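Dropping entry-v1.cif in here (mmCIF, C-alpha atoms):
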data_data
loop_
_atom_site.label_atom_id
_atom_site.label_comp_id
_atom_site.auth_asym_id
_atom_site.auth_seq_id
_atom_site.Cartn_x
_atom_site.Cartn_y
_atom_site.Cartn_z
CA MET A 160 -63.58 -4.28 -160.68
CA ASP A 161 -64.11 -1.24 -162.89
CA LEU A 162 -61.78 1.62 -161.92
CA VAL A 163 -64.42 4.06 -163.17
CA LEU A 164 -66.73 2.92 -160.37
CA LEU A 165 -63.99 3.27 -157.78
CA ARG A 166 -63.03 6.75 -158.99
CA SER A 167 -66.69 7.79 -158.94
CA PHE A 168 -67.12 6.51 -155.40
CA LEU A 169 -63.98 8.32 -154.24
CA ALA A 170 -65.22 11.57 -155.77
CA VAL A 171 -68.44 11.32 -153.73
CA ALA A 172 -66.53 10.32 -150.59
CA GLU A 173 -64.22 13.31 -150.92
CA THR A 174 -66.88 15.93 -151.71
CA GLY A 175 -69.67 14.51 -149.58
CA ALA A 176 -72.26 15.33 -152.25
CA ILE A 177 -73.45 13.58 -155.40
CA THR A 178 -74.02 16.85 -157.26
CA GLU A 179 -70.58 18.29 -156.53
CA ALA A 180 -68.86 15.00 -157.29
CA ALA A 181 -70.71 14.72 -160.62
CA GLU A 182 -69.49 18.19 -161.61
CA ARG A 183 -65.92 17.32 -160.64
CA ILE A 184 -65.70 14.22 -162.79
CA GLY A 185 -67.84 15.58 -165.63
CA VAL A 186 -70.91 13.35 -165.57
CA THR A 187 -74.57 13.91 -164.81
CA GLN A 188 -75.94 13.36 -161.33
CA PRO A 189 -78.15 10.40 -162.39
CA ALA A 190 -75.16 8.75 -164.13
CA LEU A 191 -73.04 9.10 -161.03
CA SER A 192 -75.82 7.72 -158.83
CA ARG A 193 -76.06 4.67 -161.09
CA ARG A 194 -72.32 4.09 -160.79
CA ILE A 195 -72.52 4.14 -157.00
CA GLN A 196 -75.42 1.71 -157.13
CA GLN A 197 -73.40 -0.56 -159.43
CA LEU A 198 -70.47 -0.56 -157.04
CA GLU A 199 -72.72 -1.29 -154.09
CA GLY A 200 -74.27 -4.10 -156.10
CA HIS A 201 -70.83 -5.58 -156.88
CA LEU A 202 -69.82 -5.49 -153.22
CA GLY A 203 -73.22 -6.38 -151.81
CA VAL A 204 -73.11 -3.60 -149.19
CA GLU A 205 -74.35 -0.05 -148.74
CA LEU A 206 -71.51 2.44 -149.04
CA LEU A 207 -73.35 5.76 -148.70
CA VAL A 208 -76.23 7.11 -146.70
CA ARG A 209 -77.95 9.92 -148.57
CA GLY A 210 -79.60 12.68 -146.58
CA ARG A 211 -80.19 16.40 -146.34
CA LYS A 212 -76.54 17.00 -145.49
CA GLY A 213 -75.33 15.13 -148.55
CA ALA A 214 -73.86 11.66 -148.90
CA GLN A 215 -72.29 10.22 -145.77
CA LEU A 216 -70.05 7.14 -145.78
CA THR A 217 -71.19 4.10 -143.90
CA GLU A 218 -68.72 2.28 -141.69
CA ILE A 219 -67.97 -0.22 -144.45
CA GLY A 220 -67.91 2.69 -146.88
CA ARG A 221 -64.95 4.21 -145.01
CA LEU A 222 -63.09 0.91 -145.24
CA VAL A 223 -63.82 0.67 -148.96
CA GLN A 224 -62.63 4.27 -149.42
CA SER A 225 -59.24 3.43 -147.91
CA GLU A 226 -58.81 0.33 -150.09
CA ALA A 227 -60.05 2.12 -153.21
CA GLN A 228 -57.51 4.91 -152.72
CA GLY A 229 -54.74 2.32 -152.61
CA ILE A 230 -56.01 0.50 -155.70
CA VAL A 231 -56.28 3.70 -157.75
CA ALA A 232 -52.85 4.89 -156.55
CA ARG A 233 -51.21 1.59 -157.55
CA TYR A 234 -52.90 1.71 -160.94
CA GLU A 235 -51.58 5.24 -161.50
CA GLN A 236 -48.09 4.11 -160.50
CA MET A 237 -48.33 1.27 -163.01
CA ARG A 238 -49.46 3.65 -165.75
CA GLU A 239 -46.56 6.00 -164.97
CA MET A 240 -44.11 3.11 -165.03
CA VAL A 241 -45.36 1.98 -168.44
CA SER A 242 -45.33 5.54 -169.75
CA SER A 243 -41.81 6.03 -168.43
CA HIS A 244 -40.63 2.93 -170.28
CA GLN A 245 -42.33 4.08 -173.45
CA ARG A 246 -40.57 7.46 -173.17
CA LEU A 247 -37.27 5.63 -172.48
CA GLU A 248 -37.05 7.30 -169.07
CA GLY A 249 -36.59 3.89 -167.48
CA GLY A 250 -36.34 0.20 -168.28
CA SER A 251 -33.41 -2.04 -169.10
CA VAL A 252 -31.74 -3.69 -172.08
CA ARG A 253 -30.59 -7.30 -171.70
CA ILE A 254 -28.00 -7.94 -174.40
CA GLY A 255 -25.12 -10.29 -174.99
CA GLY A 256 -22.34 -10.84 -177.48
CA GLY A 257 -18.95 -12.36 -178.11
CA ALA A 258 -15.67 -10.89 -176.94
CA THR A 259 -15.34 -8.58 -179.95
CA ALA A 260 -18.86 -7.22 -179.63
CA VAL A 261 -18.66 -6.72 -175.87
CA SER A 262 -15.21 -5.09 -176.00
CA PHE A 263 -15.28 -3.04 -179.19
CA ILE A 264 -18.81 -2.61 -180.59
CA LEU A 265 -21.27 -2.35 -177.71
CA PRO A 266 -19.39 0.10 -175.45
CA GLU A 267 -19.61 2.96 -177.97
CA ALA A 268 -23.25 2.22 -178.74
CA ILE A 269 -24.21 1.97 -175.06
CA ALA A 270 -22.40 5.22 -174.23
CA ALA A 271 -24.20 7.07 -177.02
CA PHE A 272 -27.56 5.62 -176.02
CA GLN A 273 -27.17 6.43 -172.33
CA THR A 274 -26.23 10.00 -173.16
CA ALA A 275 -29.71 10.40 -174.60
CA HIS A 276 -31.46 8.05 -172.14
CA PRO A 277 -29.47 8.03 -168.88
CA ARG A 278 -32.10 6.14 -166.87
CA VAL A 279 -32.04 3.05 -169.08
CA ARG A 280 -29.93 0.30 -167.50
CA PHE A 281 -27.94 -2.35 -169.38
CA GLN A 282 -27.38 -5.98 -168.44
CA LEU A 283 -24.51 -7.26 -170.56
CA ARG A 284 -23.34 -10.84 -171.00
CA GLU A 285 -20.26 -12.10 -172.82
CA ALA A 286 -20.32 -15.58 -174.36
CA GLY A 287 -19.85 -17.37 -177.65
CA SER A 288 -22.37 -16.90 -180.45
CA SER A 289 -24.10 -20.23 -179.83
CA GLY A 290 -24.50 -19.45 -176.13
CA ILE A 291 -25.87 -15.98 -176.83
CA ALA A 292 -28.33 -17.35 -179.39
CA ALA A 293 -29.54 -19.95 -176.89
CA ASP A 294 -30.07 -17.27 -174.23
CA VAL A 295 -32.08 -15.11 -176.65
CA VAL A 296 -34.28 -18.06 -177.60
CA ALA A 297 -34.79 -18.86 -173.90
CA GLY A 298 -35.76 -15.26 -173.15
CA GLN A 299 -32.82 -14.63 -170.83
CA LEU A 300 -31.56 -11.96 -173.24
CA GLU A 301 -33.59 -9.68 -175.49
CA LEU A 302 -30.80 -8.96 -177.96
CA GLY A 303 -27.58 -10.60 -179.05
CA VAL A 304 -24.67 -9.70 -181.34
CA VAL A 305 -23.44 -12.90 -182.96
CA THR A 306 -21.35 -14.23 -185.80
CA LEU A 307 -23.33 -15.48 -188.80
CA PRO A 308 -24.64 -17.91 -189.82
CA VAL A 309 -27.40 -18.42 -187.26
CA SER A 310 -29.87 -21.11 -188.27
CA ASP A 311 -32.38 -21.11 -185.38
CA ARG A 312 -35.85 -20.42 -186.82
CA GLU A 313 -36.98 -18.82 -183.57
CA LEU A 314 -34.66 -15.86 -184.15
CA ASP A 315 -35.00 -12.68 -186.15
CA VAL A 316 -31.59 -11.93 -187.66
CA THR A 317 -30.59 -8.43 -188.79
CA PRO A 318 -27.14 -7.96 -190.41
CA LEU A 319 -25.00 -5.48 -188.49
CA THR A 320 -21.50 -5.17 -189.93
CA THR A 321 -18.65 -7.02 -191.63
CA ASP A 322 -15.64 -7.65 -189.43
CA ARG A 323 -12.21 -8.02 -191.07
CA ILE A 324 -9.87 -10.55 -189.46
CA VAL A 325 -6.17 -9.73 -189.70
CA LEU A 326 -2.88 -11.45 -188.97
CA VAL A 327 -0.97 -9.80 -186.12
CA ALA A 328 2.60 -10.14 -184.91
CA ARG A 329 5.07 -8.44 -182.66
CA HIS A 330 6.96 -5.76 -184.55
CA ASP A 331 10.21 -7.78 -184.43
CA HIS A 332 8.72 -11.04 -185.74
CA PRO A 333 10.50 -12.30 -188.90
CA LEU A 334 7.31 -12.01 -190.96
CA ALA A 335 6.87 -8.40 -189.85
CA ARG A 336 10.14 -7.52 -191.58
CA ARG A 337 9.12 -8.95 -194.95
CA ARG A 338 7.79 -6.76 -197.72
CA ARG A 339 5.49 -9.54 -198.89
CA VAL A 340 3.94 -12.32 -196.84
CA ARG A 341 2.31 -15.27 -198.62
CA ILE A 342 -0.20 -17.73 -197.21
CA GLN A 343 2.41 -20.48 -197.41
CA ASP A 344 4.66 -18.49 -195.08
CA LEU A 345 2.23 -19.19 -192.25
CA ALA A 346 2.75 -22.94 -192.38
CA ASP A 347 4.09 -24.37 -189.11
CA GLN A 348 4.18 -20.94 -187.47
CA ALA A 349 3.23 -20.84 -183.76
CA PHE A 350 -0.17 -19.23 -183.21
CA VAL A 351 -2.20 -17.98 -180.30
CA ALA A 352 -5.77 -18.81 -181.29
CA PHE A 353 -9.32 -18.28 -180.17
CA GLU A 354 -11.00 -21.09 -178.26
CA ALA A 355 -11.67 -24.23 -180.29
CA GLY A 356 -15.31 -24.46 -181.34
CA SER A 357 -15.94 -20.73 -181.25
CA ALA A 358 -17.58 -19.25 -184.35
CA LEU A 359 -14.59 -17.06 -185.18
CA ARG A 360 -12.11 -19.91 -184.74
CA GLN A 361 -14.12 -22.05 -187.15
CA ILE A 362 -14.08 -19.28 -189.77
CA ILE A 363 -10.30 -18.79 -189.45
CA ASP A 364 -9.54 -22.52 -189.53
CA GLY A 365 -11.81 -22.96 -192.53
CA LYS A 366 -10.01 -20.26 -194.52
CA LEU A 367 -6.60 -21.74 -193.71
CA ARG A 368 -7.76 -25.22 -194.73
CA GLU A 369 -9.03 -23.82 -198.04
CA ALA A 370 -5.55 -22.40 -198.61
CA GLY A 371 -3.94 -25.73 -197.73
CA VAL A 372 -2.06 -24.26 -194.77
CA GLU A 373 -1.71 -25.89 -191.38
CA VAL A 374 -0.54 -23.74 -188.49
CA LYS A 375 0.66 -24.76 -185.04
CA VAL A 376 -1.72 -23.60 -182.31
CA VAL A 377 0.26 -23.37 -179.07
CA MET A 378 -2.34 -21.55 -176.98
CA GLU A 379 -6.09 -20.91 -176.97
CA LEU A 380 -7.57 -17.80 -175.40
CA ARG A 381 -10.92 -16.06 -175.35
CA SER A 382 -10.53 -12.30 -175.59
CA ILE A 383 -8.71 -10.12 -178.11
CA PRO A 384 -6.88 -8.01 -175.49
CA THR A 385 -5.52 -11.20 -173.88
CA ILE A 386 -4.45 -12.61 -177.26
CA LEU A 387 -2.71 -9.36 -178.21
CA HIS A 388 -0.90 -9.29 -174.87
CA MET A 389 0.24 -12.87 -175.40
CA VAL A 390 1.43 -12.06 -178.95
CA GLU A 391 3.45 -9.18 -177.53
CA SER A 392 4.86 -11.33 -174.71
CA THR A 393 5.67 -14.54 -176.60
CA GLY A 394 6.28 -13.37 -180.14
CA ASN A 395 3.71 -15.85 -181.51
CA LEU A 396 1.28 -14.94 -184.29
CA ALA A 397 -2.50 -14.60 -184.09
CA PHE A 398 -5.58 -13.73 -186.10
CA VAL A 399 -7.84 -11.13 -184.49
CA SER A 400 -10.56 -8.70 -185.44
CA ARG A 401 -9.30 -5.43 -186.88
CA LEU A 402 -11.77 -3.74 -184.53
CA GLY A 403 -9.57 -4.78 -181.62
CA MET A 404 -6.24 -3.60 -183.02
CA PRO A 405 -4.58 -0.80 -181.03
CA HIS A 406 -3.63 2.36 -182.93
CA GLN A 407 -0.05 1.99 -181.78
CA GLY A 408 2.06 -0.43 -179.83
CA GLU A 409 4.32 -3.45 -180.15
CA VAL A 410 1.77 -5.54 -182.10
CA ILE A 411 1.15 -4.74 -185.76
CA ALA A 412 -1.14 -6.05 -188.51
CA ILE A 413 0.43 -7.91 -191.42
CA ASN A 414 -1.13 -8.16 -194.85
CA VAL A 415 -1.08 -11.71 -196.24
CA GLN A 416 -1.30 -11.92 -200.01
CA GLY A 417 -4.21 -13.99 -201.24
CA LEU A 418 -5.80 -14.33 -197.81
CA ARG A 419 -8.93 -12.42 -196.85
CA ILE A 420 -10.82 -13.47 -193.75
CA GLU A 421 -14.09 -11.77 -192.87
CA ARG A 422 -17.07 -12.55 -190.75
CA ARG A 423 -20.54 -11.05 -190.70
CA LEU A 424 -22.00 -9.93 -187.42
CA ALA A 425 -25.73 -9.63 -186.83
CA VAL A 426 -28.20 -8.53 -184.18
CA ILE A 427 -30.59 -11.27 -183.11
CA ALA A 428 -33.88 -11.17 -181.21
CA ARG A 429 -36.51 -13.75 -180.40
CA ARG A 430 -39.10 -13.82 -183.18
CA ALA A 431 -42.11 -14.59 -180.99
CA THR A 432 -41.43 -11.84 -178.45
CA ARG A 433 -41.91 -8.11 -178.85
CA LEU A 434 -38.88 -6.13 -177.70
CA SER A 435 -39.21 -3.71 -174.81
CA PRO A 436 -39.19 -0.04 -175.90
CA ALA A 437 -35.63 0.40 -174.58
CA ALA A 438 -34.31 -2.71 -176.35
CA ALA A 439 -36.02 -1.78 -179.63
CA ALA A 440 -34.60 1.74 -179.50
CA PHE A 441 -31.10 0.48 -178.67
CA SER A 442 -31.20 -2.03 -181.53
CA ARG A 443 -31.96 0.81 -183.93
CA ARG A 444 -29.15 2.94 -182.49
CA LEU A 445 -26.69 0.06 -182.70
CA ARG A 446 -27.46 -0.59 -186.35
CA ALA A 447 -27.23 3.12 -187.20
CA LEU A 448 -23.76 3.40 -185.64
CA GLN A 449 -22.44 0.47 -187.71
CA ARG A 450 -23.55 1.77 -191.11
#

Written as structure tokens, how would this file's structure read?
Amino acid sequence: MDLVLLRSFLAVAETGAITEAAERIGVTQPALSRRIQQLEGHLGVELLVRGRKGAQLTEIGRLVQSEAQGIVARYEQMREMVSSHQRLEGGSVRIGGGATAVSFILPEAIAAFQTAHPRVRFQLREAGSSGIAADVVAGQLELGVVTLPVSDRELDVTPLTTDRIVLVARHDHPLARRRRVRIQDLADQAFVAFEAGSALRQIIDGKLREAGVEVKVVMELRSIPTILHMVESTGNLAFVSRLGMPHQGEVIAINVQGLRIERRLAVIARRATRLSPAAAAFSRRLRALQR
């Protein structure tokens, strides 16, 4: 039903006069009378009784007035909700990423965004790149931060940053004492590695295979903080993102001559779905922070 008709009827019900109601809503008296007639025609009942004392509500008219007030109020609430989301005064961002993104990239971006838009909520999920991509395609997440390449044609892929992967060791490891470390020096060394099958693990293993080096993986873990703690505790080596390296501590980065491992991170979104205002704004902020 046309909200214009309901608003017109409510104006007459509140003022008790066609003329006064017409002036309030800015239409002519004949136009307002036609609207009331249209509404009565839609409902098939008489809503007003017109007389010398103005327009009086019929019994059914009073019932319609109560329902119409509720309908108009709910519509206004919906409009305010939509407007609030458009102004980023509400809404939520559903985003996911791998351990590096969730631990070292997204926190800074979320903090900066919420400083400007404190009422926007975040729903954050940590998983491997393939899992995050699947969730974005399924609509469970709006945004994802993943390791490239991503081949799914249902996704829009926007490059975000290049992540350098470095060799780390405890400060007293034999390789940490050397002035020069070659790729061949890594052969048969004990490593704490990322989970088998993860995008980052595949990149690291691929680079080592290209160099003809085989390392001994003695443990597989998921997160960088856990890997660094295990390196510190056991004295084993590991490859981790430079983004996750502490500024000081027992674990240090070691430069390996002739070995450069990088990965490209990207923001993904479902191609067929328009992002919510909050998610679109956060995606822009995230990319700006990584330039």

If the box runs along x, y and z of the file and leaves 8 Å on each side of region 374-383 of chain A, what are its centre and edge lengths in Å, one decimal, as AutoDock Vina command-line options?
--center_x -5.1 --center_y -17.4 --center_z -181.9 --size_x 27.6 --size_y 30.6 --size_z 29.1

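Of the listed residues (A:Leu345, A:Arg423, A:Ala181, A:Arg444), A:Leu345 comes nearest to Pro333 (chain A); the distances count all atoms listed in the file.
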
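Take the candidates A:Val163, A:Ala447, A:Ala271, A:Ala258 and check each one against Ile195 (chain A) using only C-alpha atoms; the shortest distance goes to A:Val163.
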
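Ranking A:Ala270, A:Leu387, A:Ile219, A:Leu207 by their shortest atom-to-atom distance to Leu445 (chain A), with all atoms listed in the file included, puts A:Ala270 first.
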
Handout entry: Reference answer for the PyMOL selection byres ((chain A and resi 399) around 7), as a PyMOL selection string
Key = chain A and resi 324-326+383+397-398+400-401

Practice task
Identify which of the residues A:Ile184, A:Ala286, A:Leu202, A:Ile427 lies closest to Thr259 (chain A), counting all atoms listed in the file when measuring atom-to-atom distances.
Solution key: A:Ala286

Practice task
Can you pull out every residue within 12 Å of Asp364 (chain A), counting all atoms listed in the file, but drop anything in the same chain fewer than 6 positions away, and send it as a list in words?
Solution key: Ile324, Phe350, Ala352, Phe353, Glu354, Ala355, Gly356, Ser357, Ala358, Ala370, Gly371, Val372, Glu373, Val374, Lys375, Val376, Ala397, Phe398 and Ile420 of chain A

Handout entry: Contacts of Glu205 (chain A) within 10 Å, only C-alpha atoms, excl. fewer than 6 positions in-chain, as a ChimeraX atom specification
Key = /A:195-196,198-199,216-220

Practice task
Could you state which residues are captured by the PyMOL selection byres ((chain A and resi 403-417) around 6) in this file, as a PyMOL selection string?
Solution key: chain A and resi 326-330+340-341+400-402+418

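Nearest to Leu307 (chain A) of all the residues A:Gln224, A:Gln361, A:Ser167, A:Ser262 is A:Gln361, counting only C-alpha atoms.
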
Exercise for the section: Quick one: pull the distance between CA of Ala437 (chain A) and CA of Val231 (chain A), Å, one decimal. Expected result: 26.8 Å

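Taking only C-alpha atoms, the non-local environment of Ala214 (chain A) within 6 Å (same-chain residues fewer than 4 positions away omitted) comprises Gly175, Ala176, Leu207, Val208 and Arg209 of chain A.
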